[in-house]
$ cat structure_20.cif   # mmCIF, C-alpha atoms and all ligand atoms
data_target
#
loop_
_atom_site.group_PDB
_atom_site.id
_atom_site.type_symbol
_atom_site.label_atom_id
_atom_site.label_comp_id
_atom_site.auth_asym_id
_atom_site.auth_seq_id
_atom_site.Cartn_x
_atom_site.Cartn_y
_atom_site.Cartn_z
ATOM 1 C CA MET A 245 0.000 0.000 0.000
ATOM 2 C CA LYS A 246 1.401 3.335 -0.950
ATOM 3 C CA SER A 247 -0.874 5.697 0.937
ATOM 4 C CA LYS A 248 -1.417 6.834 4.514
ATOM 5 C CA GLU A 249 2.043 5.867 5.722
ATOM 6 C CA ASP A 250 1.523 2.191 4.861
ATOM 7 C CA ASN A 251 -0.571 1.686 7.983
ATOM 8 C CA ILE A 252 -3.974 0.113 8.496
ATOM 9 C CA SER A 253 -6.161 0.701 11.554
ATOM 10 C CA LEU A 254 -9.073 -1.513 12.497
ATOM 11 C CA ILE A 255 -11.825 0.261 14.393
ATOM 12 C CA GLY A 256 -15.258 -0.849 15.529
ATOM 13 C CA PHE A 257 -17.265 -1.835 18.548
ATOM 14 C CA MET A 258 -16.188 -4.483 21.060
ATOM 15 C CA GLY A 259 -16.744 -7.945 19.640
ATOM 16 C CA ALA A 260 -16.493 -6.865 15.993
ATOM 17 C CA GLY A 261 -13.475 -9.134 15.450
ATOM 18 C CA LYS A 262 -10.644 -6.577 15.194
ATOM 19 C CA SER A 263 -8.165 -8.717 17.144
ATOM 20 C CA THR A 264 -8.993 -11.857 15.153
ATOM 21 C CA VAL A 265 -8.987 -10.203 11.743
ATOM 22 C CA GLY A 266 -5.896 -8.047 12.433
ATOM 23 C CA PRO A 267 -3.151 -10.709 12.562
ATOM 24 C CA ILE A 268 -4.496 -12.536 9.481
ATOM 25 C CA LEU A 269 -4.721 -9.304 7.519
ATOM 26 C CA ALA A 270 -1.228 -8.275 8.628
ATOM 27 C CA LYS A 271 0.211 -11.595 7.493
ATOM 28 C CA LYS A 272 -1.440 -11.352 4.076
ATOM 29 C CA LEU A 273 -0.150 -7.817 3.616
ATOM 30 C CA LYS A 274 3.278 -8.612 5.095
ATOM 31 C CA LYS A 275 2.877 -5.964 7.753
ATOM 32 C CA LYS A 276 3.427 -6.073 11.487
ATOM 33 C CA PHE A 277 0.364 -6.625 13.654
ATOM 34 C CA VAL A 278 -0.006 -4.456 16.737
ATOM 35 C CA GLU A 279 -2.838 -4.602 19.235
ATOM 36 C CA LEU A 280 -3.383 -1.296 21.004
ATOM 37 C CA ASP A 281 -4.809 -2.857 24.190
ATOM 38 C CA SER A 282 -1.852 -5.258 24.447
ATOM 39 C CA GLU A 283 0.609 -2.389 24.025
ATOM 40 C CA ILE A 284 -1.171 -0.559 26.854
ATOM 41 C CA GLU A 285 -1.037 -3.669 29.040
ATOM 42 C CA MET A 286 2.671 -4.114 28.332
ATOM 43 C CA GLU A 287 3.383 -0.466 29.103
ATOM 44 C CA MET A 288 1.449 -0.593 32.380
ATOM 45 C CA GLY A 289 2.249 -4.162 33.400
ATOM 46 C CA ILE A 290 -1.415 -4.823 34.268
ATOM 47 C CA SER A 291 -4.562 -5.765 32.321
ATOM 48 C CA VAL A 292 -7.006 -3.293 30.766
ATOM 49 C CA SER A 293 -9.629 -4.359 33.323
ATOM 50 C CA GLU A 294 -7.199 -3.665 36.149
ATOM 51 C CA ILE A 295 -6.367 -0.237 34.712
ATOM 52 C CA PHE A 296 -10.095 0.617 34.679
ATOM 53 C CA THR A 297 -10.587 -0.636 38.242
ATOM 54 C CA MET A 298 -7.481 0.917 39.746
ATOM 55 C CA PHE A 299 -7.233 4.216 37.857
ATOM 56 C CA GLY A 300 -10.542 4.749 36.004
ATOM 57 C CA GLU A 301 -11.526 5.261 32.384
ATOM 58 C CA ASP A 302 -10.041 8.761 31.928
ATOM 59 C CA TYR A 303 -6.640 7.488 32.882
ATOM 60 C CA PHE A 304 -7.007 4.548 30.479
ATOM 61 C CA ARG A 305 -7.948 6.967 27.669
ATOM 62 C CA ARG A 306 -4.825 9.038 28.288
ATOM 63 C CA ILE A 307 -2.558 5.989 28.013
ATOM 64 C CA GLU A 308 -4.549 4.777 24.984
ATOM 65 C CA LYS A 309 -3.965 8.116 23.261
ATOM 66 C CA ARG A 310 -0.251 8.105 24.008
ATOM 67 C CA MET A 311 0.169 4.519 22.765
ATOM 68 C CA LEU A 312 -1.854 5.165 19.593
ATOM 69 C CA LYS A 313 0.468 8.059 18.720
ATOM 70 C CA ARG A 314 3.491 5.886 19.342
ATOM 71 C CA ILE A 315 2.152 3.066 17.160
ATOM 72 C CA LEU A 316 0.967 5.248 14.277
ATOM 73 C CA PHE A 317 4.265 7.077 14.213
ATOM 74 C CA ARG A 318 5.596 3.861 12.693
ATOM 75 C CA ARG A 319 5.030 2.640 9.132
ATOM 76 C CA GLY A 320 3.790 -0.674 7.809
ATOM 77 C CA VAL A 321 1.622 -1.754 10.739
ATOM 78 C CA VAL A 322 -1.871 -3.171 11.070
ATOM 79 C CA VAL A 323 -3.217 -1.885 14.377
ATOM 80 C CA SER A 324 -6.270 -3.269 16.098
ATOM 81 C CA CYS A 325 -7.776 -0.479 18.224
ATOM 82 C CA GLY A 326 -9.997 -0.752 21.283
ATOM 83 C CA GLY A 327 -13.625 0.123 20.547
ATOM 84 C CA GLY A 328 -13.440 3.458 22.354
ATOM 85 C CA VAL A 329 -10.397 4.878 20.579
ATOM 86 C CA VAL A 330 -12.608 7.032 18.338
ATOM 87 C CA LEU A 331 -14.060 8.952 21.296
ATOM 88 C CA ASP A 332 -11.115 11.336 21.225
ATOM 89 C CA LYS A 333 -11.070 13.967 18.485
ATOM 90 C CA GLU A 334 -7.289 13.978 18.122
ATOM 91 C CA ASN A 335 -7.249 10.183 17.929
ATOM 92 C CA ARG A 336 -9.759 10.354 15.082
ATOM 93 C CA ALA A 337 -7.648 12.908 13.233
ATOM 94 C CA LEU A 338 -4.478 10.890 13.762
ATOM 95 C CA LEU A 339 -6.092 7.648 12.609
ATOM 96 C CA LYS A 340 -7.287 9.340 9.418
ATOM 97 C CA GLU A 341 -4.002 11.046 8.770
ATOM 98 C CA ARG A 342 -1.651 8.142 9.358
ATOM 99 C CA SER A 343 -3.612 5.033 8.350
ATOM 100 C CA VAL A 344 -6.242 3.564 6.107
ATOM 101 C CA VAL A 345 -9.063 3.146 8.608
ATOM 102 C CA ILE A 346 -11.199 0.045 8.365
ATOM 103 C CA TRP A 347 -14.443 -0.012 10.311
ATOM 104 C CA LEU A 348 -15.706 -3.463 11.236
ATOM 105 C CA ASP A 349 -19.360 -2.536 11.580
ATOM 106 C CA ILE A 350 -21.393 -4.813 13.851
ATOM 107 C CA SER A 351 -25.036 -4.672 14.923
ATOM 108 C CA GLU A 352 -26.288 -4.461 18.478
ATOM 109 C CA ASP A 353 -27.851 -7.948 18.330
ATOM 110 C CA GLU A 354 -24.641 -9.486 17.085
ATOM 111 C CA VAL A 355 -22.565 -7.815 19.827
ATOM 112 C CA VAL A 356 -24.973 -9.170 22.437
ATOM 113 C CA ARG A 357 -24.754 -12.628 20.892
ATOM 114 C CA ARG A 358 -20.955 -12.623 20.739
ATOM 115 C CA LEU A 359 -20.167 -11.034 24.083
ATOM 116 C CA ALA A 360 -22.751 -12.582 26.396
ATOM 117 C CA GLY A 361 -20.858 -13.788 29.449
ATOM 118 C CA ASP A 362 -17.687 -11.826 28.610
ATOM 119 C CA LYS A 363 -15.759 -10.861 31.736
ATOM 120 C CA ASN A 364 -12.942 -8.862 30.154
ATOM 121 C CA ARG A 365 -14.766 -5.716 29.073
ATOM 122 C CA PRO A 366 -15.084 -3.314 32.017
ATOM 123 C CA LEU A 367 -17.500 -1.037 30.142
ATOM 124 C CA LEU A 368 -19.981 -3.869 29.715
ATOM 125 C CA ALA A 369 -19.996 -4.834 33.389
ATOM 126 C CA GLY A 370 -23.320 -4.331 35.158
ATOM 127 C CA ASP A 371 -26.355 -3.962 32.930
ATOM 128 C CA PHE A 372 -24.858 -5.656 29.882
ATOM 129 C CA LYS A 373 -27.984 -5.451 27.703
ATOM 130 C CA ARG A 374 -28.469 -1.758 28.386
ATOM 131 C CA ASN A 375 -24.793 -0.765 28.149
ATOM 132 C CA ILE A 376 -24.310 -2.100 24.630
ATOM 133 C CA PRO A 377 -27.009 -0.029 22.873
ATOM 134 C CA ASN A 378 -26.049 3.082 24.833
ATOM 135 C CA LEU A 379 -22.381 2.818 23.958
ATOM 136 C CA LEU A 380 -23.121 1.898 20.337
ATOM 137 C CA LYS A 381 -25.429 4.887 19.970
ATOM 138 C CA ASP A 382 -22.787 7.268 21.353
ATOM 139 C CA ARG A 383 -20.017 5.942 19.174
ATOM 140 C CA PHE A 384 -21.704 5.346 15.855
ATOM 141 C CA ILE A 385 -21.125 8.904 14.612
ATOM 142 C CA PHE A 386 -17.445 8.691 15.467
ATOM 143 C CA TYR A 387 -16.921 5.446 13.571
ATOM 144 C CA GLU A 388 -18.788 7.020 10.664
ATOM 145 C CA GLU A 389 -16.630 10.106 10.802
ATOM 146 C CA THR A 390 -13.364 8.177 10.840
ATOM 147 C CA PHE A 391 -13.566 5.237 8.437
ATOM 148 C CA ASP A 392 -12.142 4.921 4.916
ATOM 149 C CA ILE A 393 -13.465 1.409 4.360
ATOM 150 C CA ARG A 394 -16.557 -0.023 6.024
ATOM 151 C CA ILE A 395 -17.235 -3.741 6.306
ATOM 152 C CA ASP A 396 -20.537 -5.122 7.569
ATOM 153 C CA VAL A 397 -19.276 -8.032 9.663
ATOM 154 C CA ASN A 398 -22.592 -9.350 10.973
ATOM 155 C CA SER A 399 -22.949 -12.396 8.805
ATOM 156 C CA MET A 400 -19.355 -12.921 7.708
ATOM 157 C CA ASP A 401 -16.717 -15.285 9.005
ATOM 158 C CA VAL A 402 -13.132 -14.135 9.485
ATOM 159 C CA ASP A 403 -11.842 -15.342 6.112
ATOM 160 C CA ARG A 404 -14.593 -13.506 4.251
ATOM 161 C CA ILE A 405 -13.960 -10.345 6.236
ATOM 162 C CA VAL A 406 -10.261 -10.469 5.407
ATOM 163 C CA SER A 407 -10.892 -11.001 1.696
ATOM 164 C CA ALA A 408 -13.504 -8.221 1.654
ATOM 165 C CA ILE A 409 -10.935 -5.873 3.186
ATOM 166 C CA LEU A 410 -8.235 -6.916 0.706
ATOM 167 C CA THR A 411 -10.596 -6.359 -2.231
ATOM 168 C CA LYS A 412 -11.613 -2.924 -0.981
ATOM 169 C CA ILE A 413 -8.008 -1.906 -0.412
ATOM 170 C CA GLU A 414 -7.166 -2.975 -3.968
ATOM 171 C CA ASN A 415 -10.135 -1.041 -5.343
ATOM 172 C CA GLN A 416 -9.053 2.024 -3.432
ATOM 173 C CA HIS A 417 -5.735 1.909 -5.219
ATOM 174 C CA ASP A 418 -7.417 1.622 -8.589
ATOM 175 C CA ALA A 419 -9.666 4.588 -7.855
HETATM 176 C C1 LIG B 1 -13.147 -0.516 25.058
HETATM 177 C C2 LIG B 1 -12.890 -1.624 24.280
HETATM 178 C C3 LIG B 1 -11.880 -2.618 24.655
HETATM 179 C C4 LIG B 1 -10.804 -1.992 25.571
HETATM 180 C C5 LIG B 1 -11.450 -1.325 26.740
HETATM 181 C C6 LIG B 1 -12.407 -0.215 26.314
HETATM 182 C C7 LIG B 1 -14.200 0.418 24.610
HETATM 183 O O1 LIG B 1 -11.255 -3.151 23.484
HETATM 184 O O2 LIG B 1 -10.029 -1.071 24.862
HETATM 185 O O3 LIG B 1 -12.131 -2.299 27.479
HETATM 186 O O4 LIG B 1 -14.261 1.549 25.142
HETATM 187 O O5 LIG B 1 -14.994 0.061 23.698
HETATM 188 P P1 LIG B 1 -12.025 -4.105 22.400
HETATM 189 O O6 LIG B 1 -12.815 -3.240 21.490
HETATM 190 O O7 LIG B 1 -10.906 -4.795 21.696
HETATM 191 O O8 LIG B 1 -12.871 -5.034 23.189
#

$ encode --input "structure_20.cif" --output "C-alpha cells"
Amino acid sequence: MKSKEDNISLIGFMGAGKSTVGPILAKKLKKKFVELDSEIEMEMGISVSEIFTMFGEDYFRRIEKRMLKRILFRRGVVVSCGGGVVLDKENRALLKERSVVIWLDISEDEVVRRLAGDKNRPLLAGDFKRNIPNLLKDRFIFYEETFDIRIDVNSMDVDRIVSAILTKIENQHDA
C-alpha cells in the first residue's frame, strides 16, 4: 500500500473481530500486527480491566492516546484499536491522517450474541444489555466520521472479512 504511511487501523465496537482479523490481515499484507490494548497492558504491566478498576476510564484513555500516537508514528503496521479509541477527536484525526481506517461494523444484536458472558470488558460490566445499545449509539457517529473502508461483519466469518478488506483496499488503489 502506498498511501497513509503504509498503515492500516481496524476500528469498531467491542466484539467486531478486530483482534482476530488483524493478525491474518497483517500476514497477508506482510505488515506487522499491533494490538493497542496489548501495548497498553505491556506499558502498564497490568490488564485493561485492572487499569479501569485501579485508575478509572479517563486514565485509560490518556494511556490509549499516548500509545496510539506511538504506534501510528511507525510505518507498515496493522493496528487493532480498542472500541473506544474514536471517542477522542485527536485520535480520530491521527487515525485518518496516518492510516487507512477500516471499520468493522457490527449490529447491536450481534454484539450481544458474541459477548454474552464476557468478563474482560469493564465497560460492559453491570447492565450488559443496556450498556451495549447506549455505547453503540454514542459511538456510531465517530466510527462514521473516521472510516475509509466499512465492512458489515454481521454475517461474515473471518476469512470472508479479510478477503472483503483486501478487495476494498485494492479497489481504493485503482480509484
Ligand atoms: C473498550 C474496548 C476494549 C478496551 C477497553 C475499552 C471500549 O477493546 O479497549 O475495554 O471503550 O470500547 P475491544 O474493542 O478490543 O474489546

$ atom_distance --input "structure_20.cif" --atom1 "atom CA of A:Pro377" --atom2 "atom CA of A:Arg336"
21.6 Å

$ resolve_selection --input "structure_20.cif" --expression "the PyMOL selection byres (((not hetatm)) within 10 of (chain B and resi 1))" --output "JSON, numbers by chain"
{"A": [254, 255, 256, 257, 258, 259, 260, 261, 262, 263, 264, 279, 280, 281, 282, 284, 291, 292, 293, 295, 296, 301, 304, 305, 308, 324, 325, 326, 327, 328, 329, 330, 331, 359, 362, 364, 365, 366, 367, 368, 376, 379, 380, 383]}

$ atom_distance --input "structure_20.cif" --atom1 "atom CA of A:Lys276" --atom2 "atom CA of A:Val323"
8.4 Å

$ residues_around --input "structure_20.cif" --residues "A:Arg314" --least-positions-apart "3" --cutoff "12 Å" --atoms "only C-alpha atoms" --output "PyMOL selection string"
chain A and resi 278+280+283-284+287+307-311+317-319+321+323+335+338-339+342

$ closest_residue --input "structure_20.cif" --among "A:Phe391, A:Val322, A:Glu341, A:Asp403" --to "A:Lys271" --atoms "all atoms listed in the file"
A:Val322

$ residues_around --input "structure_20.cif" --residues "A:Asp396" --least-positions-apart "3" --cutoff "7 Å" --atoms "all atoms listed in the file" --output "ChimeraX atom specification"
/A:348-350

$ closest_residue --input "structure_20.cif" --among "A:Ile393, A:Val402, A:Val265, A:Leu312" --to "A:Asn415" --atoms "only C-alpha atoms"
A:Ile393

$ atom_distance --input "structure_20.cif" --atom1 "atom CA of A:Leu410" --atom2 "atom CA of A:Ser343"
14.9 Å

$ axis_aligned_box --input "structure_20.cif" --around "stretch 333-336 of chain A" --padding-each-side "8 Å" --output "JSON"
{"center_x": -9.2, "center_y": 12.1, "center_z": 16.8, "size_x": 19.8, "size_y": 19.8, "size_z": 19.4}

$ closest_residue --input "structure_20.cif" --among "A:Leu316, A:Ile252, A:Val397, A:Ala337" --to "A:Val355" --atoms "all atoms listed in the file"
A:Val397

$ closest_residue --input "structure_20.cif" --among "A:Ile395, A:Arg358, A:Asp382, A:Phe299" --to "A:Ser407" --atoms "all atoms listed in the file"
A:Ile395

$ closest_residue --input "structure_20.cif" --among "A:Thr297, A:Gln416, A:Asn378, A:Ser351" --to "A:Asp392" --atoms "all atoms listed in the file"
A:Gln416

$ decode --input "structure_20.cif" --residues "stretch 342-354 of chain A" --atoms "all heavy atoms" --output "CSV table (one decimal), in the first residue's frame"
chain,number,residue,atom,x,y,z
A,342,ARG,N,-2.8,9.0,9.4
A,342,ARG,CA,-1.7,8.1,9.4
A,342,ARG,C,-2.0,6.7,9.1
A,342,ARG,O,-1.2,5.8,9.2
A,342,ARG,CB,-0.8,8.2,10.6
A,342,ARG,CG,-0.1,9.6,10.8
A,342,ARG,CD,1.0,9.6,11.7
A,342,ARG,NE,2.1,8.6,11.4
A,342,ARG,CZ,3.1,8.9,10.6
A,342,ARG,NH1,3.3,10.1,10.1
A,342,ARG,NH2,4.0,8.0,10.4
A,343,SER,N,-3.3,6.4,8.7
A,343,SER,CA,-3.6,5.0,8.4
A,343,SER,C,-4.9,5.0,7.5
A,343,SER,O,-5.6,5.9,7.5
A,343,SER,CB,-3.9,4.2,9.6
A,343,SER,OG,-5.0,4.7,10.4
A,344,VAL,N,-5.0,3.9,6.8
A,344,VAL,CA,-6.2,3.6,6.1
A,344,VAL,C,-7.1,2.9,7.2
A,344,VAL,O,-6.7,1.9,7.8
A,344,VAL,CB,-6.0,2.6,4.9
A,344,VAL,CG1,-7.4,2.1,4.4
A,344,VAL,CG2,-5.2,3.2,3.8
A,345,VAL,N,-8.3,3.6,7.5
A,345,VAL,CA,-9.1,3.1,8.6
A,345,VAL,C,-10.2,2.2,8.2
A,345,VAL,O,-11.0,2.6,7.3
A,345,VAL,CB,-9.7,4.4,9.3
A,345,VAL,CG1,-10.4,3.9,10.6
A,345,VAL,CG2,-8.6,5.4,9.7
A,346,ILE,N,-10.2,1.0,8.7
A,346,ILE,CA,-11.2,0.0,8.4
A,346,ILE,C,-12.1,-0.1,9.5
A,346,ILE,O,-11.7,-0.5,10.6
A,346,ILE,CB,-10.5,-1.3,8.0
A,346,ILE,CG1,-9.7,-1.0,6.8
A,346,ILE,CG2,-11.6,-2.3,7.7
A,346,ILE,CD1,-8.8,-2.1,6.3
A,347,TRP,N,-13.4,0.1,9.3
A,347,TRP,CA,-14.4,0.0,10.3
A,347,TRP,C,-15.1,-1.4,10.2
A,347,TRP,O,-15.8,-1.6,9.2
A,347,TRP,CB,-15.4,1.1,10.1
A,347,TRP,CG,-16.7,1.1,11.0
A,347,TRP,CD1,-16.8,0.4,12.2
A,347,TRP,CD2,-17.9,1.8,10.8
A,347,TRP,NE1,-18.1,0.6,12.7
A,347,TRP,CE2,-18.7,1.5,11.9
A,347,TRP,CE3,-18.3,2.7,9.9
A,347,TRP,CZ2,-20.0,2.0,12.0
A,347,TRP,CZ3,-19.6,3.2,10.0
A,347,TRP,CH2,-20.4,2.9,11.1
A,348,LEU,N,-15.0,-2.2,11.2
A,348,LEU,CA,-15.7,-3.5,11.2
A,348,LEU,C,-17.0,-3.1,11.9
A,348,LEU,O,-17.1,-3.0,13.1
A,348,LEU,CB,-14.9,-4.5,12.0
A,348,LEU,CG,-13.5,-4.9,11.4
A,348,LEU,CD1,-12.9,-6.1,12.2
A,348,LEU,CD2,-13.5,-5.1,9.9
A,349,ASP,N,-18.1,-3.0,11.1
A,349,ASP,CA,-19.4,-2.5,11.6
A,349,ASP,C,-20.2,-3.7,12.0
A,349,ASP,O,-20.5,-4.6,11.2
A,349,ASP,CB,-20.0,-1.7,10.4
A,349,ASP,CG,-21.3,-1.1,10.8
A,349,ASP,OD1,-21.6,-1.0,12.0
A,349,ASP,OD2,-22.0,-0.6,9.9
A,350,ILE,N,-20.6,-3.7,13.3
A,350,ILE,CA,-21.4,-4.8,13.9
A,350,ILE,C,-22.7,-4.3,14.5
A,350,ILE,O,-22.7,-3.2,15.0
A,350,ILE,CB,-20.5,-5.6,14.9
A,350,ILE,CG1,-21.2,-6.8,15.4
A,350,ILE,CG2,-20.1,-4.6,16.1
A,350,ILE,CD1,-20.3,-7.8,16.2
A,351,SER,N,-23.7,-5.1,14.4
A,351,SER,CA,-25.0,-4.7,14.9
A,351,SER,C,-25.1,-5.0,16.4
A,351,SER,O,-24.4,-5.8,17.0
A,351,SER,CB,-26.2,-5.4,14.2
A,351,SER,OG,-26.1,-6.8,14.6
A,352,GLU,N,-26.1,-4.3,17.0
A,352,GLU,CA,-26.3,-4.5,18.5
A,352,GLU,C,-26.6,-5.9,18.8
A,352,GLU,O,-26.0,-6.5,19.7
A,352,GLU,CB,-27.5,-3.6,18.9
A,352,GLU,CG,-27.8,-3.6,20.3
A,352,GLU,CD,-29.1,-2.8,20.5
A,352,GLU,OE1,-29.3,-1.7,19.9
A,352,GLU,OE2,-29.9,-3.2,21.3
A,353,ASP,N,-27.5,-6.6,18.1
A,353,ASP,CA,-27.9,-7.9,18.3
A,353,ASP,C,-26.7,-8.9,18.3
A,353,ASP,O,-26.5,-9.8,19.0
A,353,ASP,CB,-28.9,-8.4,17.3
A,353,ASP,CG,-30.2,-7.8,17.6
A,353,ASP,OD1,-30.4,-7.1,18.6
A,353,ASP,OD2,-31.1,-8.0,16.7
A,354,GLU,N,-25.8,-8.6,17.3
A,354,GLU,CA,-24.6,-9.5,17.1
A,354,GLU,C,-23.6,-9.3,18.2
A,354,GLU,O,-23.0,-10.3,18.7
A,354,GLU,CB,-24.0,-9.2,15.7
A,354,GLU,CG,-22.9,-10.1,15.3
A,354,GLU,CD,-23.3,-11.6,15.2
A,354,GLU,OE1,-24.5,-11.9,15.1
A,354,GLU,OE2,-22.4,-12.5,15.1
